[in-house]
Amino acid sequence: MSRIPNWQGERVPRFDVDGVRGELRRLQDTCHIVADGDAVGAVSGGGEADEGGFELLASVPPFPSAVLGSAAFREAHGVRLAYMTGAMANGIASEELVIAMAEAGLLASFGAAGLAPDRIASALNVFESKIPGLPFACNLIHSPAEAGLERATVDLYLDREVRLVEASAFLGLTAEVVRYRVAGLERDQDGRVVARNRVIAKVSRPEVAALFLRPAPREILDTLVAEGRISSLQAELAARVPLADDITVEADSGGHTDRRPAAVVTAAVLRLRDRITRELGYVSVPRVGAAGGLGSPEGLAAAFAMGADYVVTGSVNQSCVEAGTSPEAKELLARAGVADYAMAPAADMFEIGAEVQVLRRGTMYPMRASRLRELYRTYDGLGALPDAELRRLEKDMFRMPVDEVWRECADYLRTREPAQIDRAAKDPKVKMALVFRWYLGLSARWAVHGDADRVRDYQVWCGPAMGAFNDWAKDSRLFPVENRTVADVAEQLMRGAAYVSRLRQIGATGAVLASSLNDYRPAPLPS
């Protein structure tokens with residue numbers, strides 16, 4: 001083995017576990033792994049060796065968290081790290097959360113799903129006032145039951161010049177997501193296509209990823225031109241660029257999820273991206289990120305090792321102080337383990353059997369919502385329900401007569417989707433679905449608002465990443481909810497991912513370090 005020579009500097013090799021860990025954590029410096037007899041140690045940057053020096057086992061270059069992922073992602077979005085927080089619906093990914101991330105030089109997506117356009121407009125006013133010129137995204141969720149709402153949201157984004165949307169829950173393309181993208185296309189002075197409206201598409205299936213990796217379909221473009229909603233030039237330019245700039249591959253996440261293994265679906269979409277890029281000769285290669293199950297440094301490091309250009313966290317941010325949900329929900333989240341989750345019917349796509357992943361510990365929502373699904377599948381309408389079953393629903397779930405529930409539904413629908421009222425009058429099955437969706441929808445709001453009388457009915461969207469985070473943060477300063485700030489969580493997870501990646505580099509050289517060094521803990525707050 002080579003010897004590490006005498007060199008100048010203040011640092012000397014450390015051979016105790018805490019000392020070695022401290023040297024490894026100096027991610028901005030080159031790190032040397034050295035041996036002194038049977039003892040293995042580390043030194044960062046330089047130090048003054050004893051005469052004859054130490055046996056050099058390995059040297060690894062600086063590995064700060066900023067080198068993880070794609071430089072193109074960081075440049076495109078004007079951020080420091082290839083990391084973003086995803087949109088949590090109903091404003092759980094709140095204005096405060098988005099602002100905190102933007103001020104830290106990081107990207108966050110506002111949780112616009114489930115909010116009315118005037119509420120989204122209010123958030124945009126806050127962003128314009130508090131973070132002008134700083135990066136942020138807004139969610140655009142596919143709303144199959146409320147097509148008018150999807151269109152109104154895109155109208156708002158175009159009118160207010162929102163330049164980045166996170167498109168989620170799309171099973172196919174709609175005219176609205178295409179319109180948003182294409183309405184921002186123009187040529188620069190050199191004739192190149194410039195996309196002023198950028199799209200991050202969150203998908204869980206390769207076939208859906210392919211729709212966003214390819215240019216917008218001709219038939220949708222022709223319809224939009226005919227309706228005067230985009231220009232002929234914009235339709236022409238659309239054939240030269242993908243529909244999305246970034247594809248977030250969502251694995252086992254909270255909320256809407258197919259629960260696919262991250263290693264399987266991410267690898268498939270990366271290969272698909274490369275095939276389509278070669279086929280169509282894109283100048284700018286669409287980026288592929290990873291989401292779902294990311295709640296620990298090891299999880300993030302694994303995503304980057306798979307080739308992800310960026311990572312997206314969700315569940316872990318819901319327990320942060322800036323999240324727009326109740327203290328009661330945050331405390332439930334902070335106590336969750338890696339197995340405390342279940343699949344339950346989704347309110348927005350109840351009729352087609354779609355599901356969301358939710359917290360199971362501390363709430364009866366998954367069981368109660370699943371019972372509603374069974375009743376919907378078994379009976380043709382509310383009038384067909386057995387009397388005992390109907391009384392149980394009114395007592396335990398609705399806490400009011402079913403007729404009162406329907407009146408509340410009708411009042412709500414008159415301002416959102418009045419056609420649904422007519423459908424319900426003609427089809428008892430439709431009315432039943434709407435009544436059941438009343439409970440499914442309100443259960444999420446009870447959790448957001450912290451309704452103390454409805455804790456057992458809280459619908460809290462999250463997945464195993466929450467348990468992974470709690471396990472990692474245990475006995476650290478990040479374990480109490482009041483200490484979890486979204487930007488600090490991002491920094492610590494990314495530093496930890498860089499630390500874990502550095503250990504893997506060292507391991508690849510054949511150098512063997514103590515297994516106890518694998519445990520990266522959150523660093524102290526900057527003084």
# chains A, B, ... in the order shown; residues from 1 in each chain; ligands from 1
>>> residues_around(residues="segment 293-299 of chain A", least_positions_apart="2", cutoff="9 Å", atoms="only C-alpha atoms", output="number ranges by chain")
A: 250-254, 262, 290-291, 301-304, 311-316, 463-473, 492-501, 520
>>> closest_residue(among="A:Ala82, A:Ala369, A:Val126, A:Leu106", to="Glu355 of chain A", atoms="only C-alpha atoms")
A:Ala369
>>> atom_distance(atom1="atom CA of Glu96 of chain A", atom2="atom CA of Ser129 of chain A")
12.5 Å
>>> residues_around(residues="Thr415 of chain A", least_positions_apart="4", cutoff="12 Å", atoms="only C-alpha atoms", output="NGL selection string")
:A and (116 or 146 or 148-149 or 408-411 or 419-421)
>>> write_last_selection(atoms="N, CA and C atoms", output="mmCIF file, in the first residue's frame")
data_model
loop_
_atom_site.group_PDB
_atom_site.id
_atom_site.type_symbol
_atom_site.label_atom_id
_atom_site.label_comp_id
_atom_site.auth_asym_id
_atom_site.auth_seq_id
_atom_site.Cartn_x
_atom_site.Cartn_y
_atom_site.Cartn_z
ATOM 1 N N ALA A 116 -60.517 26.052 -4.294
ATOM 2 C CA ALA A 116 -61.219 26.841 -5.299
ATOM 3 C C ALA A 116 -60.263 27.861 -5.913
ATOM 4 N N GLU A 146 -64.583 17.062 -12.053
ATOM 5 C CA GLU A 146 -64.764 18.515 -12.038
ATOM 6 C C GLU A 146 -63.912 19.147 -13.141
ATOM 7 N N GLY A 148 -64.586 21.489 -15.091
ATOM 8 C CA GLY A 148 -64.645 22.944 -15.062
ATOM 9 C C GLY A 148 -63.634 23.538 -14.106
ATOM 10 N N LEU A 149 -63.392 22.855 -13.001
ATOM 11 C CA LEU A 149 -62.418 23.343 -12.033
ATOM 12 C C LEU A 149 -61.006 23.269 -12.595
ATOM 13 N N GLU A 408 -76.497 19.256 2.176
ATOM 14 C CA GLU A 408 -75.183 19.894 2.164
ATOM 15 C C GLU A 408 -74.456 19.622 0.846
ATOM 16 N N CYS A 409 -74.581 18.397 0.352
ATOM 17 C CA CYS A 409 -73.972 18.061 -0.937
ATOM 18 C C CYS A 409 -74.535 18.939 -2.052
ATOM 19 N N ALA A 410 -75.849 19.057 -2.095
ATOM 20 C CA ALA A 410 -76.492 19.831 -3.156
ATOM 21 C C ALA A 410 -76.100 21.302 -3.079
ATOM 22 N N ASP A 411 -76.032 21.855 -1.885
ATOM 23 C CA ASP A 411 -75.608 23.251 -1.728
ATOM 24 C C ASP A 411 -74.192 23.453 -2.274
ATOM 25 N N ALA A 419 -74.475 20.124 -12.647
ATOM 26 C CA ALA A 419 -74.977 19.007 -13.449
ATOM 27 C C ALA A 419 -75.042 17.715 -12.643
ATOM 28 N N GLN A 420 -74.214 17.635 -11.599
ATOM 29 C CA GLN A 420 -74.231 16.430 -10.771
ATOM 30 C C GLN A 420 -75.551 16.279 -10.024
ATOM 31 N N ILE A 421 -76.185 17.393 -9.701
ATOM 32 C CA ILE A 421 -77.474 17.322 -8.998
ATOM 33 C C ILE A 421 -78.524 16.684 -9.890
#
>>> atom_distance(atom1="atom CA of Pro215 of chain A", atom2="atom CA of Gly111 of chain A")
26.5 Å
>>> closest_atom_pairs(of="segment 443-526 of chain A", to="segment 17-21 of chain A", cutoff="8 Å", atoms="only C-alpha atoms", output="Markdown table")
| residue | atom | partner | partner_atom | distance |
| --- | --- | --- | --- | --- |
| A:Ala514 | CA | A:Val17 | CA | 7.8 |
| A:Ser516 | CA | A:Val17 | CA | 7.9 |
| A:Leu517 | CA | A:Arg21 | CA | 6.1 |
>>> residues_around(residues="Ala344 of chain A", least_positions_apart="2", cutoff="6 Å", atoms="only C-alpha atoms", output="compact mmCIF listing (two decimals) with N, CA and C atoms, in the first residue's frame")
# COMPACT_ATOMS: atom_id res chain seq x y z
N GLU A 355 -57.76 4.64 -5.09
CA GLU A 355 -57.44 4.63 -3.67
C GLU A 355 -56.32 5.61 -3.35
N VAL A 356 -56.23 5.95 -2.06
CA VAL A 356 -55.15 6.77 -1.55
C VAL A 356 -54.53 6.06 -0.35
N PRO A 366 -59.46 4.59 7.49
CA PRO A 366 -59.33 3.56 6.45
C PRO A 366 -60.43 2.51 6.52
N SER A 370 -63.46 2.20 3.71
CA SER A 370 -63.55 0.93 2.98
C SER A 370 -64.96 0.34 3.10
>>> select_by_dssp(residues="segment 275-332 of chain A", states="helix (DSSP H, G or I)", output="count of residues only")
27
>>> closest_residue(among="A:His77, A:Arg26, A:Arg151, A:Lys395", to="Arg229 of chain A", atoms="only C-alpha atoms")
A:Arg151
>>> residues_around(residues="Arg275 of chain A", least_positions_apart="3", cutoff="12 Å", atoms="only C-alpha atoms", output="ChimeraX atom specification")
/A:210,213-214,268-272,278-282,285-286
